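Peer 1: The following file, data_21.txt, comprises compact mmCIF, C-alpha atoms:
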# COMPACT_ATOMS: atom_id res chain seq x y z
CA MET A 12 5.65 32.27 18.24
CA SER A 13 5.74 32.14 14.44
CA ASN A 14 5.16 28.99 12.43
CA LYS A 15 8.78 29.13 11.32
CA GLN A 16 9.96 29.06 14.92
CA LEU A 17 7.52 26.22 15.69
CA SER A 18 8.83 24.28 12.69
CA GLN A 19 12.39 24.70 13.92
CA ARG A 20 11.36 23.34 17.31
CA LEU A 21 9.62 20.41 15.61
CA CYS A 22 12.78 19.52 13.72
CA ALA A 23 14.94 19.87 16.83
CA TRP A 24 12.63 17.52 18.78
CA ILE A 25 12.81 14.93 16.00
CA ASP A 26 16.61 15.15 15.94
CA GLN A 27 16.72 14.65 19.71
CA HIS A 28 14.40 11.64 19.62
CA PHE A 29 15.59 10.03 16.42
CA ASP A 30 17.39 7.12 18.07
CA GLU A 31 14.12 6.32 19.81
CA GLU A 32 12.27 6.49 16.48
CA VAL A 33 14.73 4.06 14.90
CA GLY A 34 14.29 1.74 17.87
CA VAL A 35 10.52 1.77 17.41
CA LEU A 36 10.91 0.89 13.74
CA GLN A 37 13.19 -2.00 14.69
CA GLN A 38 10.51 -3.31 17.06
CA LEU A 39 7.91 -3.15 14.30
CA ILE A 40 10.11 -4.98 11.79
CA ARG A 41 10.86 -7.76 14.26
CA ILE A 42 7.21 -8.86 14.44
CA PRO A 43 6.48 -10.80 11.22
CA THR A 44 3.35 -9.88 9.29
CA ASP A 45 3.82 -11.98 6.17
CA THR A 46 0.71 -11.89 4.00
CA PRO A 47 0.00 -14.62 3.08
CA PRO A 48 -0.66 -16.21 5.51
CA GLY A 49 -1.82 -12.91 6.99
CA ASN A 50 -1.84 -13.46 10.75
CA ASN A 51 -1.51 -9.77 11.56
CA ALA A 52 -3.46 -9.25 14.78
CA PRO A 53 -0.35 -9.85 16.98
CA HIS A 54 1.42 -6.91 15.34
CA ALA A 55 -1.60 -4.66 15.89
CA ASP A 56 -1.73 -5.74 19.53
CA ALA A 57 1.95 -4.83 19.94
CA VAL A 58 1.45 -1.40 18.36
CA ALA A 59 -1.56 -0.72 20.58
CA GLU A 60 0.58 -1.57 23.62
CA LEU A 61 3.47 0.54 22.31
CA VAL A 62 1.50 3.77 22.02
CA LYS A 63 0.36 3.52 25.64
CA ALA A 64 3.86 4.68 26.62
CA TRP A 65 2.98 8.12 25.26
CA GLY A 66 -0.42 8.31 26.89
CA TRP A 67 -2.26 7.38 23.71
CA SER A 68 -5.06 4.88 23.32
CA ALA A 69 -5.39 2.76 20.19
CA GLU A 70 -8.89 1.65 19.30
CA LYS A 71 -8.78 -1.95 18.08
CA TYR A 72 -11.14 -3.05 15.32
CA ALA A 73 -10.95 -6.77 14.63
CA VAL A 74 -12.50 -7.80 11.34
CA PRO A 75 -14.88 -10.77 11.92
CA GLN A 76 -12.98 -14.06 11.68
CA GLN A 77 -15.19 -15.67 9.06
CA GLN A 78 -14.88 -12.63 6.83
CA VAL A 79 -11.10 -12.75 7.20
CA ALA A 80 -10.96 -16.48 6.46
CA ASP A 81 -13.15 -16.12 3.38
CA TYR A 82 -10.77 -13.41 2.20
CA GLY A 83 -7.77 -15.74 2.48
CA MET A 84 -6.12 -14.35 5.60
CA GLN A 85 -5.88 -15.46 9.23
CA SER A 86 -6.43 -12.33 11.34
CA VAL A 87 -6.88 -8.61 10.76
CA THR A 88 -7.08 -6.04 13.55
CA ASN A 89 -6.99 -2.43 12.40
CA LEU A 90 -6.09 0.45 14.72
CA ILE A 91 -7.23 4.04 15.03
CA VAL A 92 -5.37 6.40 17.36
CA ARG A 93 -7.43 9.59 17.71
CA ARG A 94 -5.80 12.79 18.90
CA PRO A 95 -8.53 15.47 19.26
CA TYR A 96 -7.59 19.09 19.84
CA ALA A 97 -9.58 22.31 20.10
CA ALA A 98 -12.51 22.93 17.80
CA GLY A 99 -12.11 24.82 14.56
CA GLY A 100 -9.68 22.73 12.54
CA PRO A 101 -9.77 19.79 10.14
CA THR A 102 -9.29 16.11 10.90
CA VAL A 103 -6.18 14.78 9.19
CA ALA A 104 -5.54 11.05 9.10
CA LEU A 105 -2.22 9.33 8.48
CA ASN A 106 -2.44 5.77 7.17
CA ALA A 107 0.27 3.10 6.96
CA HIS A 108 -0.14 -0.65 6.49
CA GLY A 109 1.58 -3.31 8.53
CA ASP A 110 1.00 -6.34 6.33
CA VAL A 111 3.88 -7.31 4.02
CA VAL A 112 4.75 -9.82 1.34
CA PRO A 113 6.80 -12.82 2.59
CA PRO A 114 10.57 -12.21 2.56
CA GLY A 115 11.53 -14.77 -0.07
CA GLU A 116 15.11 -15.91 -0.68
CA GLY A 117 18.46 -14.19 -1.08
CA TRP A 118 18.69 -12.05 2.05
CA ARG A 119 22.12 -11.06 3.41
CA HIS A 120 20.43 -9.45 6.44
CA ASP A 121 17.81 -10.98 8.73
CA PRO A 122 14.45 -9.98 7.18
CA TYR A 123 13.05 -9.61 10.71
CA GLY A 124 16.18 -8.22 12.33
CA GLY A 125 15.91 -4.48 11.84
CA GLU A 126 19.70 -4.47 11.41
CA ILE A 127 21.53 -1.16 10.99
CA ALA A 128 24.42 -1.01 8.53
CA ASP A 129 26.00 1.87 6.60
CA GLY A 130 23.33 4.33 7.65
CA ARG A 131 20.48 2.06 6.58
CA ILE A 132 17.96 -0.13 8.36
CA TYR A 133 17.31 -3.53 6.81
CA GLY A 134 14.26 -5.77 7.04
CA ARG A 135 10.96 -6.61 5.44
CA ALA A 136 8.73 -3.50 5.52
CA SER A 137 11.62 -1.21 6.47
CA ALA A 138 10.59 0.89 3.46
CA VAL A 139 7.01 -0.29 2.77
CA SER A 140 5.46 0.64 5.08
CA LYS A 141 6.34 0.03 8.72
CA SER A 142 8.71 2.95 8.29
CA ASP A 143 5.67 5.20 8.15
CA PHE A 144 4.29 3.78 11.38
CA ALA A 145 7.43 5.36 12.86
CA SER A 146 7.47 8.57 10.79
CA TYR A 147 3.80 9.31 11.45
CA ILE A 148 3.94 8.47 15.16
CA PHE A 149 6.98 10.66 15.75
CA ALA A 150 5.62 13.50 13.61
CA VAL A 151 2.52 13.60 15.82
CA ARG A 152 4.58 13.27 19.00
CA ALA A 153 6.81 16.15 17.90
CA LEU A 154 3.77 18.31 17.17
CA GLU A 155 2.22 17.63 20.56
CA ALA A 156 5.53 18.26 22.33
CA LEU A 157 5.39 21.88 21.17
CA GLY A 158 2.72 22.67 23.72
CA ALA A 159 1.10 24.92 21.13
CA ASP A 160 -2.62 25.54 20.74
CA LEU A 161 -3.67 22.88 18.25
CA ARG A 162 -7.09 22.72 16.60
CA GLY A 163 -8.98 20.02 14.80
CA ALA A 164 -7.77 16.44 15.19
CA LEU A 165 -5.22 13.93 13.99
CA GLU A 166 -5.85 10.24 13.48
CA LEU A 167 -3.35 7.45 12.99
CA HIS A 168 -4.78 4.61 10.92
CA PHE A 169 -2.65 1.47 11.16
CA THR A 170 -4.22 -1.15 8.93
CA TYR A 171 -3.35 -4.70 7.91
CA ASP A 172 -4.70 -5.43 4.47
CA GLU A 173 -2.85 -3.69 1.68
CA GLU A 174 -1.22 -6.68 0.01
CA PHE A 175 -4.65 -8.26 -0.56
CA GLY A 176 -6.21 -5.00 -1.72
CA GLY A 177 -7.20 -2.99 1.34
CA LEU A 178 -10.89 -3.92 1.60
CA LEU A 179 -10.38 -5.28 5.11
CA GLY A 180 -8.03 -2.42 6.02
CA PRO A 181 -9.01 1.20 5.29
CA GLY A 182 -11.95 -0.09 3.29
CA TRP A 183 -13.38 -1.84 6.32
CA LEU A 184 -12.88 1.15 8.65
CA LEU A 185 -14.61 3.42 6.14
CA GLU A 186 -17.47 1.03 5.37
CA GLN A 187 -18.12 0.61 9.09
CA LYS A 188 -18.22 4.42 9.38
CA LEU A 189 -15.54 4.36 12.05
CA THR A 190 -13.75 7.32 10.52
CA LYS A 191 -14.31 10.12 8.01
CA PRO A 192 -11.32 12.47 8.03
CA ASP A 193 -11.12 15.64 5.98
CA PHE A 194 -7.66 14.87 4.58
CA VAL A 195 -5.41 11.81 4.42
CA ILE A 196 -1.68 11.33 4.04
CA ALA A 197 -0.91 7.71 3.21
CA ALA A 198 2.37 5.83 3.20
CA GLY A 199 4.76 6.82 0.43
CA PHE A 200 8.34 7.79 -0.31
CA SER A 201 10.28 10.91 0.63
CA TYR A 202 11.11 12.39 -2.78
CA ASN A 203 7.80 12.22 -4.58
CA ILE A 204 4.23 13.10 -3.68
CA VAL A 205 1.85 10.64 -5.32
CA THR A 206 -1.47 12.19 -6.26
CA ALA A 207 -2.85 9.47 -8.56
CA HIS A 208 -2.24 5.82 -9.33
CA ASN A 209 -3.30 3.03 -11.62
CA ALA A 210 -6.26 0.74 -11.19
CA CYS A 211 -5.94 -3.03 -11.17
CA LEU A 212 -8.10 -5.97 -12.22
CA GLN A 213 -7.05 -9.49 -11.26
CA PHE A 214 -8.70 -12.66 -12.53
CA GLU A 215 -8.55 -16.37 -11.87
CA VAL A 216 -9.11 -18.22 -15.16
CA THR A 217 -9.93 -21.92 -14.77
CA VAL A 218 -9.64 -23.97 -17.95
CA ASN A 219 -11.49 -27.27 -17.68
CA GLY A 220 -10.97 -30.14 -20.12
CA LYS A 221 -10.69 -33.89 -19.72
CA ALA A 222 -7.53 -35.58 -18.47
CA THR A 223 -6.27 -38.63 -20.29
CA HIS A 224 -3.20 -40.83 -20.59
CA GLY A 225 -0.29 -39.21 -22.35
CA SER A 226 -0.06 -42.08 -24.85
CA MET A 227 -3.61 -41.36 -26.06
CA PRO A 228 -4.05 -37.57 -25.89
CA GLU A 229 -6.75 -37.60 -28.56
CA THR A 230 -9.09 -39.39 -26.11
CA GLY A 231 -9.20 -36.37 -23.80
CA HIS A 232 -9.40 -32.59 -23.98
CA ASP A 233 -6.06 -30.98 -23.09
CA ALA A 234 -6.68 -28.04 -20.76
CA LEU A 235 -3.08 -26.87 -21.07
CA GLN A 236 -3.35 -26.66 -24.84
CA ALA A 237 -6.44 -24.48 -24.39
CA ALA A 238 -4.68 -22.44 -21.70
CA THR A 239 -1.83 -21.88 -24.14
CA ALA A 240 -4.29 -20.34 -26.58
CA ILE A 241 -5.40 -17.98 -23.82
CA LEU A 242 -1.80 -17.13 -22.95
CA ASN A 243 -1.05 -16.39 -26.59
CA ALA A 244 -4.07 -14.08 -26.77
CA ILE A 245 -3.06 -12.24 -23.59
CA TYR A 246 0.50 -11.60 -24.65
CA ALA A 247 -0.49 -10.77 -28.22
CA ALA A 248 -2.57 -7.92 -26.75
CA VAL A 249 0.29 -6.48 -24.70
CA PRO A 250 1.95 -4.41 -27.48
CA GLY A 251 -1.36 -2.66 -28.15
CA LEU A 252 -1.62 -1.64 -24.50
CA LYS A 253 1.60 0.34 -24.88
CA GLU A 254 -0.19 2.58 -27.36
CA ILE A 255 -2.74 3.65 -24.69
CA ARG A 256 -1.09 6.56 -22.90
CA SER A 257 -2.00 8.38 -19.70
CA ALA A 258 -1.90 12.15 -19.49
CA ILE A 259 -0.79 11.93 -15.82
CA PRO A 260 2.98 12.36 -15.27
CA GLY A 261 4.51 9.23 -13.80
CA ILE A 262 1.91 6.91 -15.33
CA SER A 263 2.66 5.50 -18.76
CA HIS A 264 0.35 2.81 -20.16
CA PRO A 265 -1.71 -0.22 -19.12
CA THR A 266 -0.03 -3.59 -18.55
CA MET A 267 -1.18 -7.22 -18.49
CA ILE A 268 0.62 -10.31 -17.18
CA VAL A 269 -0.07 -13.84 -16.03
CA GLY A 270 1.54 -14.19 -12.63
CA ARG A 271 0.75 -17.81 -11.78
CA ILE A 272 -0.10 -21.06 -13.56
CA ASP A 273 -1.23 -24.28 -11.83
CA GLY A 274 -2.35 -27.50 -13.45
CA GLY A 275 -1.82 -31.10 -14.40
CA THR A 276 -1.38 -34.24 -12.33
CA ASN A 277 1.68 -35.99 -13.77
CA THR A 278 4.18 -35.92 -16.60
CA ASN A 279 2.38 -38.68 -18.51
CA VAL A 280 -1.15 -37.25 -18.20
CA ALA A 281 -2.69 -34.65 -20.48
CA PRO A 282 -4.00 -32.02 -18.05
CA GLY A 283 -7.72 -31.85 -17.39
CA LYS A 284 -7.55 -28.56 -15.50
CA VAL A 285 -5.27 -25.52 -15.62
CA VAL A 286 -5.66 -22.35 -13.55
CA LEU A 287 -4.17 -19.02 -14.61
CA LYS A 288 -4.00 -15.93 -12.41
CA MET A 289 -3.67 -12.70 -14.34
CA ASP A 290 -3.19 -9.03 -13.58
CA ARG A 291 -4.42 -6.16 -15.77
CA ARG A 292 -3.29 -2.68 -14.69
CA MET A 293 -5.42 0.21 -15.90
CA ILE A 294 -4.46 3.84 -16.27
CA PRO A 295 -6.85 6.26 -14.51
CA GLU A 296 -8.42 7.26 -17.82
CA GLU A 297 -9.69 3.71 -18.52
CA ASP A 298 -13.17 2.43 -17.62
CA PRO A 299 -12.82 -0.74 -15.49
CA ALA A 300 -16.16 -2.15 -16.70
CA GLN A 301 -15.10 -1.85 -20.33
CA VAL A 302 -11.68 -3.33 -19.60
CA GLU A 303 -13.17 -6.28 -17.76
CA ALA A 304 -15.64 -6.97 -20.55
CA GLY A 305 -12.80 -6.83 -23.05
CA VAL A 306 -10.62 -9.26 -21.10
CA ARG A 307 -13.48 -11.72 -20.72
CA LYS A 308 -14.25 -11.55 -24.45
CA MET A 309 -10.58 -12.01 -25.36
CA ILE A 310 -10.37 -15.16 -23.24
CA GLY A 311 -13.64 -16.54 -24.57
CA ASP A 312 -12.63 -15.91 -28.18
CA ALA A 313 -9.27 -17.64 -27.63
CA VAL A 314 -10.91 -21.00 -26.79
CA ALA A 315 -13.99 -20.70 -28.99
CA GLY A 316 -14.45 -23.86 -31.02
CA LEU A 317 -12.09 -26.00 -28.93
CA PRO A 318 -14.03 -29.19 -28.18
CA GLY A 319 -14.59 -30.25 -24.58
CA ILE A 320 -13.14 -27.03 -23.11
CA LYS A 321 -14.99 -24.90 -20.61
CA VAL A 322 -13.56 -21.72 -19.09
CA GLU A 323 -14.56 -20.07 -15.81
CA ILE A 324 -13.41 -16.50 -15.14
CA ARG A 325 -13.55 -15.23 -11.58
CA ARG A 326 -12.63 -11.69 -10.66
CA LEU A 327 -10.23 -11.69 -7.73
CA LEU A 328 -9.75 -7.94 -7.34
CA LEU A 329 -10.93 -4.63 -8.65
CA ALA A 330 -8.77 -1.85 -7.24
CA ARG A 331 -9.94 1.44 -8.69
CA ALA A 332 -7.60 4.23 -9.65
CA LEU A 333 -6.66 7.04 -7.30
CA ARG A 334 -7.57 10.41 -8.80
CA PRO A 335 -6.97 13.87 -7.34
CA LEU A 336 -9.95 15.27 -5.44
CA PRO A 337 -10.64 18.91 -4.55
CA GLY A 338 -8.59 19.72 -1.47
CA HIS A 339 -5.64 17.49 -2.30
CA GLU A 340 -3.79 20.57 -3.54
CA LYS A 341 -3.69 21.88 0.05
CA LEU A 342 -1.78 18.77 1.09
CA VAL A 343 0.50 18.97 -1.93
CA ASP A 344 1.30 22.65 -1.46
CA SER A 345 2.14 22.18 2.21
CA LEU A 346 4.30 19.10 1.60
CA LEU A 347 6.17 20.79 -1.24
CA ARG A 348 6.89 23.90 0.81
CA ASN A 349 8.03 21.96 3.86
CA ALA A 350 10.12 19.52 1.86
CA GLN A 351 11.90 22.46 0.26
CA ASP A 352 12.80 23.75 3.73
CA VAL A 353 13.90 20.37 5.09
CA MET A 354 15.50 18.79 2.03
CA GLY A 355 16.55 21.78 0.00
CA GLU A 356 14.90 20.57 -3.16
CA THR A 357 11.56 20.63 -4.93
CA LEU A 358 9.86 17.26 -4.80
CA THR A 359 8.24 15.70 -7.82
CA THR A 360 4.46 15.33 -7.86
CA ASN A 361 3.55 12.36 -10.00
CA GLY A 362 1.18 9.48 -10.45
CA SER A 363 2.26 5.91 -9.83
CA ALA A 364 1.91 2.70 -11.82
CA LEU A 365 1.26 0.86 -8.55
CA TYR A 366 -2.09 0.63 -6.83
CA THR A 367 -2.52 1.16 -3.10
CA ASP A 368 -5.20 1.02 -0.43
CA ALA A 369 -5.10 4.84 -0.30
CA ARG A 370 -7.55 4.74 -3.22
CA LEU A 371 -10.27 3.65 -0.79
CA TYR A 372 -10.19 7.03 0.95
CA GLY A 373 -10.59 8.65 -2.45
CA GLU A 374 -13.56 6.40 -3.21
CA HIS A 375 -15.20 7.87 -0.10
CA GLY A 376 -14.59 11.40 -1.34
CA ILE A 377 -11.62 12.17 0.92
CA PRO A 378 -8.62 14.00 -0.59
CA VAL A 379 -5.53 11.83 -0.18
CA VAL A 380 -1.88 11.95 -1.23
CA LEU A 381 0.96 9.50 -0.62
CA PHE A 382 4.06 10.72 1.18
CA GLY A 383 6.32 9.13 3.76
CA ALA A 384 9.74 7.62 4.39
CA GLY A 385 11.54 6.13 1.43
CA PRO A 386 14.03 6.58 -1.42
CA ARG A 387 13.63 8.28 -4.78
CA THR A 388 12.49 5.12 -6.53
CA LEU A 389 10.88 1.87 -5.46
CA MET A 390 13.79 -0.20 -6.77
CA GLU A 391 16.38 1.64 -4.69
CA SER A 392 14.85 0.31 -1.48
CA ASN A 393 14.55 -3.32 -2.67
CA ALA A 394 10.92 -3.04 -1.62
CA LYS A 395 9.29 -6.50 -1.74
CA GLN A 396 12.71 -7.95 -2.61
CA ALA A 397 15.60 -9.37 -0.62
CA ASP A 398 17.43 -6.92 1.65
CA GLU A 399 14.70 -4.30 1.68
CA ASN A 400 16.15 -1.24 3.36
CA LEU A 401 15.68 2.43 4.17
CA ALA A 402 18.24 5.18 4.57
CA LEU A 403 17.89 6.50 8.11
CA GLU A 404 18.40 10.04 6.86
CA ASP A 405 15.33 9.67 4.64
CA LEU A 406 13.32 8.48 7.63
CA LYS A 407 14.36 11.57 9.57
CA LYS A 408 13.64 13.95 6.68
CA ALA A 409 10.20 12.48 6.04
CA THR A 410 9.28 12.70 9.72
CA LYS A 411 10.16 16.39 9.75
CA VAL A 412 8.24 17.16 6.55
CA VAL A 413 5.14 15.34 7.81
CA ALA A 414 5.33 17.06 11.21
CA MET A 415 5.59 20.50 9.59
CA THR A 416 2.68 19.71 7.28
CA LEU A 417 0.51 18.66 10.22
CA LEU A 418 1.44 21.94 11.87
CA ASP A 419 0.09 23.76 8.80
CA PHE A 420 -3.25 21.99 9.14
CA VAL A 421 -3.88 21.78 12.89
CA GLY A 422 -1.42 24.29 14.32
CA PRO A 423 -2.18 27.74 15.68
CA GLN A 424 -3.93 30.00 13.23
CA ALA A 425 -1.79 32.81 11.88
Output the structure of this file as structure tokens.
Peer 2:
Amino acid sequence: MSNKQLSQRLCAWIDQHFDEEVGVLQQLIRIPTDTPPGNNAPHADAVAELVKAWGWSAEKYAVPQQQVADYGMQSVTNLIVRRPYAAGGPTVALNAHGDVVPPGEGWRHDPYGGEIADGRIYGRASAVSKSDFASYIFAVRALEALGADLRGALELHFTYDEEFGGLLGPGWLLEQKLTKPDFVIAAGFSYNIVTAHNACLQFEVTVNGKATHGSMPETGHDALQAATAILNAIYAAVPGLKEIRSAIPGISHPTMIVGRIDGGTNTNVAPGKVVLKMDRRMIPEEDPAQVEAGVRKMIGDAVAGLPGIKVEIRRLLLARALRPLPGHEKLVDSLLRNAQDVMGETLTTNGSALYTDARLYGEHGIPVVLFGAGPRTLMESNAKQADENLALEDLKKATKVVAMTLLDFVGPQA
């Protein structure tokens, strides 16, 4: 049987089982995995139980509790479902993350309801990225239902630390040498294949002064006044970042923001301590060490000479950029060809201003691209906003494209 005929059978199987796939996604949405607080082991346990229905076994890897607590989460259990076939083919892993940002306010639909309306499924992580738990599971099921001679192996990596950076998700599985696939497809959207993404540095800047009564501010050292000097320096540098351009389509320039400010004790007290949390995105061409040194110098210079002020800078995160590695073009070529057949259009192949935990596979020398179930743009899905949703047709299309791509890699040799 030709690969074209096998692909047609794959798509027919997915059509026939699509209601079941939607039902699985609804189950996954209905188990909260808000991070923070990050109590995600119950979701992993439920997924491990779910896959038993298809004769699969999910290996559970619980990250040590103290390590999780020190990281700022409550529980992390990562899963690997291994599907070995005959010798002679590559190992392809599919990775999606189950942790999500809290729902926030403004929802018209239950964020944990998995409600269906107007051809869309609503709920936190319906688009990012519990949808790809479903698309990847059903792509593999469709492939195995062919009864064809498969070679190599597939692995499903369901991990639970993307929102905090991925070090206890894919990073932990890789550091523990629990997996080393030849290729990886990580969660993404249906109309673009992401081959590169920005890096990210995050800092906690603690400005220490001396609190004093508001009627006598000159008797203390106002930490907020010093923090304002730092804020002014940060935002004065932003226009210059727009002049630093990336050569990678889809990635424009670096960015820098302060996302959180905490400090002070009362309205009538000059603050003795203010804490800023800042985010500096780096294009792939930038050197993180140079950027970090520059940020630290900028902050130090901003408060130099201010009496009684001490500043502590703690790095919270260094997420390195994702860059194309040799072999990624095989994934891209297959996805493009199969998407053309399924969707009738040529997908874009761009970088992304976001950072993801897929970069950790790249740091271990594994070619990785991002592709999965989702809309044309992040904003269309309300990802990480109220009423996050996914068009069911995009879920079906992505499942077919992934299944056909897996067939290219582990299916019968021509």
Peer 1: Would you compute the distance between atom CA of Ala198 of chain A and atom CA of Val79 of chain A? Give it in Å to one decimal.
Peer 2: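 Between these atoms lies a distance of 23.3 Å.
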Peer 1: Just want the 10 Å neighbourhood of Glu391 of chain A, counted on only C-alpha atoms, with same-chain residues fewer than 5 positions away dropped. Output as a PyMOL selection string.
Peer 2: chain A and resi 385-386+399-401
Peer 1: Rounded to one decimal in Å, what is the spacing between atom CA of Ser68 of chain A and atom CA of Val92 of chain A?
Peer 2: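 If I compute the distance from atom CA of Ser68 of chain A to atom CA of Val92 of chain A, I get 6.2 Å.
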Peer 1: In Å, how far is it from atom CA of Ala384 of chain A to atom CA of Pro423 of chain A?
Peer 2: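 For atom CA of Ala384 of chain A relative to atom CA of Pro423 of chain A, the distance reads 26.0 Å.
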Peer 1: As a count of residues only, please: the residues near Leu417 of chain A (cut-off 9 Å, all atoms listed in the file, same-chain neighbours under 5 positions excluded).
Peer 2: 8
Peer 1: Considering all atoms listed in the file, return as an mmCIF file with C-alpha atoms, in the coordinates of the input whatever protein or nucleic-acid residues lie within 12 Å of Ala23 of chain A, sequence-local ones (same chain, fewer than 2 positions apart) excluded.
Peer 2:
data_model
loop_
_atom_site.group_PDB
_atom_site.id
_atom_site.type_symbol
_atom_site.label_atom_id
_atom_site.label_comp_id
_atom_site.auth_asym_id
_atom_site.auth_seq_id
_atom_site.Cartn_x
_atom_site.Cartn_y
_atom_site.Cartn_z
ATOM 1 C CA GLN A 16 9.960 29.060 14.920
ATOM 2 C CA LEU A 17 7.520 26.220 15.690
ATOM 3 C CA SER A 18 8.830 24.280 12.690
ATOM 4 C CA GLN A 19 12.390 24.700 13.920
ATOM 5 C CA ARG A 20 11.360 23.340 17.310
ATOM 6 C CA LEU A 21 9.620 20.410 15.610
ATOM 7 C CA ILE A 25 12.810 14.930 16.000
ATOM 8 C CA ASP A 26 16.610 15.150 15.940
ATOM 9 C CA GLN A 27 16.720 14.650 19.710
ATOM 10 C CA HIS A 28 14.400 11.640 19.620
ATOM 11 C CA PHE A 29 15.590 10.030 16.420
ATOM 12 C CA ALA A 150 5.620 13.500 13.610
ATOM 13 C CA ALA A 153 6.810 16.150 17.900
ATOM 14 C CA LEU A 154 3.770 18.310 17.170
ATOM 15 C CA ALA A 156 5.530 18.260 22.330
ATOM 16 C CA LEU A 157 5.390 21.880 21.170
ATOM 17 C CA VAL A 353 13.900 20.370 5.090
ATOM 18 C CA LYS A 407 14.360 11.570 9.570
ATOM 19 C CA LYS A 408 13.640 13.950 6.680
ATOM 20 C CA THR A 410 9.280 12.700 9.720
ATOM 21 C CA LYS A 411 10.160 16.390 9.750
ATOM 22 C CA ALA A 414 5.330 17.060 11.210
ATOM 23 C CA MET A 415 5.590 20.500 9.590
#
Peer 1: Just give me the residues with any atom within 8 Å of (-10.9, 1.0, 1.5), file coordinates, counting all atoms listed in the file, written as a ChimeraX atom specification.
Peer 2: /A:177-186,368-372,374
Peer 1: Write out the residues from the selection above, keeping C-alpha atoms, as an mmCIF file, in the coordinates of the input.
Peer 2:
data_model
loop_
_atom_site.group_PDB
_atom_site.id
_atom_site.type_symbol
_atom_site.label_atom_id
_atom_site.label_comp_id
_atom_site.auth_asym_id
_atom_site.auth_seq_id
_atom_site.Cartn_x
_atom_site.Cartn_y
_atom_site.Cartn_z
ATOM 1 C CA GLY A 177 -7.200 -2.990 1.340
ATOM 2 C CA LEU A 178 -10.890 -3.920 1.600
ATOM 3 C CA LEU A 179 -10.380 -5.280 5.110
ATOM 4 C CA GLY A 180 -8.030 -2.420 6.020
ATOM 5 C CA PRO A 181 -9.010 1.200 5.290
ATOM 6 C CA GLY A 182 -11.950 -0.090 3.290
ATOM 7 C CA TRP A 183 -13.380 -1.840 6.320
ATOM 8 C CA LEU A 184 -12.880 1.150 8.650
ATOM 9 C CA LEU A 185 -14.610 3.420 6.140
ATOM 10 C CA GLU A 186 -17.470 1.030 5.370
ATOM 11 C CA ASP A 368 -5.200 1.020 -0.430
ATOM 12 C CA ALA A 369 -5.100 4.840 -0.300
ATOM 13 C CA ARG A 370 -7.550 4.740 -3.220
ATOM 14 C CA LEU A 371 -10.270 3.650 -0.790
ATOM 15 C CA TYR A 372 -10.190 7.030 0.950
ATOM 16 C CA GLU A 374 -13.560 6.400 -3.210
#
Peer 1: I'd like to know which of A:Ser201, A:Thr88, A:Ser137, A:Gln76 is closest to Thr359 of chain A, using all atoms listed in the file.
Peer 2: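 Ranked by minimum distance to Thr359 of chain A, first place goes to A:Ser201.
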Peer 1: Could you please give me, as a list in words, the residues of protein, DNA or RNA lying at most 8 Å from (-5.3, -0.3, -12.6) in the coordinate frame of the file, considering only C-alpha atoms?
Peer 2: His208, Asn209, Ala210, Cys211, Leu212, Pro265, Arg291, Arg292, Met293, Ile294, Pro295, Ala330, Arg331, Ala332, Ala364, Leu365 and Tyr366 of chain A
Peer 1: What's the 8 Å shell around His264 of chain A, counting all atoms listed in the file, without same-chain residues fewer than 4 positions away, as an mmCIF file with C-alpha atoms, keeping the file's coordinate frame?
Peer 2:
data_model
loop_
_atom_site.group_PDB
_atom_site.id
_atom_site.type_symbol
_atom_site.label_atom_id
_atom_site.label_comp_id
_atom_site.auth_asym_id
_atom_site.auth_seq_id
_atom_site.Cartn_x
_atom_site.Cartn_y
_atom_site.Cartn_z
ATOM 1 C CA LEU A 252 -1.620 -1.640 -24.500
ATOM 2 C CA LYS A 253 1.600 0.340 -24.880
ATOM 3 C CA GLU A 254 -0.190 2.580 -27.360
ATOM 4 C CA ILE A 255 -2.740 3.650 -24.690
ATOM 5 C CA ARG A 256 -1.090 6.560 -22.900
ATOM 6 C CA SER A 257 -2.000 8.380 -19.700
ATOM 7 C CA MET A 293 -5.420 0.210 -15.900
ATOM 8 C CA ILE A 294 -4.460 3.840 -16.270
#
Peer 1: Considering all atoms listed in the file, can you say which of A:Ile259, A:Glu215, A:Asn277, A:Glu229 comes closest to Glu323 of chain A?
Peer 2: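 For Glu323 of chain A, the nearest of the given residues is A:Glu215.
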Peer 1: Mind dumping a table of every segment 145-218 of chain A residue within 10 Å of segment 107-124 of chain A, with the nearest atom pair and its distance in Å to one decimal, using all atoms listed in the file, sorted by chain and rising number, as a Markdown table?
Peer 2:
| residue | atom | partner | partner_atom | distance |
| --- | --- | --- | --- | --- |
| A:Ala145 | CA | A:Ala107 | CA | 9.5 |
| A:Ser146 | CA | A:Ala107 | CA | 9.8 |
| A:Tyr147 | CA | A:Ala107 | CA | 8.4 |
| A:Leu167 | CA | A:Ala107 | CA | 8.3 |
| A:His168 | CA | A:Ala107 | CA | 6.6 |
| A:Phe169 | CA | A:Ala107 | CA | 5.4 |
| A:Thr170 | CA | A:His108 | CA | 4.8 |
| A:Tyr171 | CA | A:Asp110 | CA | 4.9 |
| A:Asp172 | CA | A:Asp110 | CA | 6.1 |
| A:Glu173 | CA | A:His108 | CA | 6.3 |
| A:Glu174 | CA | A:Val111 | CA | 6.5 |
| A:Phe175 | CA | A:Asp110 | CA | 9.1 |
| A:Gly177 | CA | A:His108 | CA | 9.0 |
| A:Gly180 | CA | A:His108 | CA | 8.1 |
| A:Pro181 | CA | A:His108 | CA | 9.1 |
| A:Ile196 | CA | A:Ala107 | CA | 8.9 |
| A:Ala197 | CA | A:Ala107 | CA | 6.1 |
| A:Ala198 | CA | A:Ala107 | CA | 5.1 |
| A:Gly199 | CA | A:Ala107 | CA | 8.8 |
